[in-house]
Every structure is written in structure tokens, then in C-alpha cells.
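S.K.: Here's a structure for you.
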Amino acid sequence: MTGHNKRFDVIIQKLRDSGHKITPQRLAIAKILSRSDGHPGAEDIHDQIKKDFPTMSLATVYRNIVLIKSLGEVLELGFPDGSNRYDGNKPYPHPHVVCIRCRKIVDPDLDSLDEMTKEVALETDFKILNHRLDFFGICNNCMAEEG
């Protein structure tokens with residue numbers, strides 16, 4: 001079973017366990033979130049779903065994202081411009097690299113993150129409960145377009 005299929009199964013099981021109906025629309029949203037390598041926004045998810053569900057509203061997409069987020073199965077990334085992107089593939093705190101031009105988001109694997117978290121806790125005398133670490137730059141595709 002691939003990681004995406006496992007994430008999908010976990011999301012669906014959490015929905016069932018919490019007493020929520022598993023509708024075709026909810027299945028479609030969960031499927032997109034579980035495969036969210038690109039960290040889609042609600043509008044992106046809506047655009048993908050409206051092919052199969054033309055009457056589904058953007059508000060329904062938002063409500064389902066909020067529901068899945070409330071179950072701890074999606075990570076919401078808010079940005080200063082007011083936009084949000086979602087990660088249902090890795091719903092736990094992890095670093096992101098964001099292209100300031102095309103808005104592409106990549107999840108780097110940083111071996112040093114655990115050590116950094118411990119260092120921050122030691123330095124500040126805080127019990128670290130959560131974190132958000134974002135790096136902003138220009139991706140290779142956008143740099144290539146510059147020529």
C-alpha cells in the first residue's frame with residue numbers, strides 16, 4: 001500500500017470513527033488531500049472536484065477541509081496574503097520551502113529539525129508544542145524562466 005493510499009484510509013477511518021457520513025464528495029476531497037504533494041488551496045481542490053461534482057460549492061469544500069483538519073488529518077498553511085494551502089499527506093508540523101513567484105511548495109526532509117527544536121526549547125525554557133518553519137525563495141523552474 002502506498003503512502004497516499006494509507007493516508008486516504010486513515011482520513012476515511014477518522015471520519016467514520018467520529019460519526020461522519022462518507023459521501024462521494026467527501027471521498028473525493030479526502031483523496032485529493034491525501035495526495036497533496038503540491039499543497040493545494042481550497043480553490044484548487046474545488047477546481048479538481050467540480051468536473052465530477054459540478055454542483056458542489058466552494059463552501060462545501062471549505063467545510064470538509066475544516067472538518068478533516070479538526071480531526072488532525074490536514075495541516076493548514078496560512079500566508080500573509082490571506083491565502084491558505086493544505087497538506088493532508090503530512091498533517092504534522094514540518095518545514096516547507098515556498099517559491100515566491102509560482103507559489104510551489106516543497107517539503108524538505110531536515111535531519112536537524114529535531115535537534116533545532118530541542119535547542120529552541122533549551123534556549124527559551126519553553127515546552128515546544130508545535131512549530132512552523134518556512135523558507136521562501138525562487139524555485140529552479142522560475143529561475144530558468146528568468147533566463
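Chain labels run A, B, ... following the order of the C-alpha cells; each chain numbers its residues from 1, and ligands are numbered from 1 in the order shown.
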Quick one: DSSP alpha helix (DSSP H) residues in chain A, as a ChimeraX atom specification?

M.R.: /A:3-17,24-34,42-49,58-70,113-124,140-146

S.K.: Quick one: which segment 53-113 of chain A residues come within 12 Å of segment 18-24 of chain A, and what is the nearest atom pair for each with the distance in Å to one decimal, counting only C-alpha atoms, rows ordered by chain and ascending number, as a tab-separated table?

M.R.:
```
residue	atom	partner	partner_atom	distance
A:Phe53	CA	A:Pro24	CA	9.1
A:Met56	CA	A:Pro24	CA	11.1
A:Thr60	CA	A:Thr23	CA	12.0
A:Asn64	CA	A:His20	CA	10.6
A:Leu67	CA	A:His20	CA	9.5
A:Ile68	CA	A:His20	CA	10.4
A:Ser70	CA	A:Ser18	CA	10.6
A:Leu71	CA	A:Ser18	CA	8.4
A:Gly72	CA	A:Ser18	CA	11.9
```

S.K.: Residues of chain A classed as strand (DSSP E or B) by DSSP on the backbone are to be reported as a PDB file with C-alpha atoms, in the first residue's frame.

M.R.:
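Here's the written file part.pdb:
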```pdb
ATOM      1  CA  LEU A  75      -2.173  20.739   8.076  1.00  0.00           C
ATOM      2  CA  GLU A  76      -3.255  24.259   7.129  1.00  0.00           C
ATOM      3  CA  LEU A  77      -0.600  26.665   5.891  1.00  0.00           C
ATOM      4  CA  GLY A  78      -1.728  30.277   6.142  1.00  0.00           C
ATOM      5  CA  ASN A  84      -4.341  29.026   2.730  1.00  0.00           C
ATOM      6  CA  ARG A  85      -2.886  25.812   1.381  1.00  0.00           C
ATOM      7  CA  TYR A  86      -3.446  22.333   2.775  1.00  0.00           C
ATOM      8  CA  ASP A  87      -1.313  19.264   3.391  1.00  0.00           C
ATOM      9  CA  HIS A  96       8.293  23.988   3.805  1.00  0.00           C
ATOM     10  CA  VAL A  97      10.141  25.765   1.005  1.00  0.00           C
ATOM     11  CA  VAL A  98       7.863  28.187  -0.866  1.00  0.00           C
ATOM     12  CA  CYS A  99       8.580  29.785  -4.238  1.00  0.00           C
ATOM     13  CA  ILE A 105       5.661  24.325  -2.007  1.00  0.00           C
ATOM     14  CA  VAL A 106       8.203  21.582  -1.320  1.00  0.00           C
ATOM     15  CA  ASP A 134       9.012  28.086   6.180  1.00  0.00           C
ATOM     16  CA  PHE A 135      11.771  29.054   3.793  1.00  0.00           C
ATOM     17  CA  PHE A 136      10.982  31.423   0.932  1.00  0.00           C
ATOM     18  CA  GLY A 137      12.903  31.592  -2.329  1.00  0.00           C
TER      19      GLY A 137
END
```

S.K.: What gap, in Å, lies between atom CA of Tyr62 of chain A and atom CA of Asn5 of chain A?

M.R.: 22.3 Å

S.K.: Have a look at A:Ile100, A:Val74, A:Ala121, A:Cys142 and name the one nearest to Gly88 of chain A; count only C-alpha atoms.

M.R.: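 Under the stated criterion, the closest residue is A:Val74.
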
S.K.: Hey, what's within 8 Å of Arg132 of chain A if we count only C-alpha atoms and toss same-chain stuff fewer than 4 positions away? As a tab-separated table (two decimals) with N, CA and C atoms, in the first residue's frame, please?

M.R.:
```
chain	number	residue	atom	x	y	z
A	93	PRO	N	3.51	19.08	11.93
A	93	PRO	CA	4.45	20.18	11.65
A	93	PRO	C	5.72	19.68	10.96
A	94	HIS	N	6.06	20.34	9.86
A	94	HIS	CA	7.28	20.03	9.12
A	94	HIS	C	7.65	21.26	8.29
A	95	PRO	N	8.91	21.37	7.89
A	95	PRO	CA	9.33	22.57	7.16
A	95	PRO	C	8.81	22.58	5.72
```

S.K.: Would you pick out the contacts of Ile49 of chain A at 10 Å or less, using only C-alpha atoms, so that residues sharing its chain but fewer than 3 positions from it are not included, and give the list as a count of residues only?

M.R.: 16

S.K.: Using only C-alpha atoms, which of the listed residues (A:Asn89, A:Asn141, A:Ala59, A:Gly41) sits closest to Phe8 of chain A?

M.R.: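 Between A:Asn89, A:Asn141, A:Ala59, A:Gly41, the residue approaching Phe8 of chain A most closely is A:Asn89.
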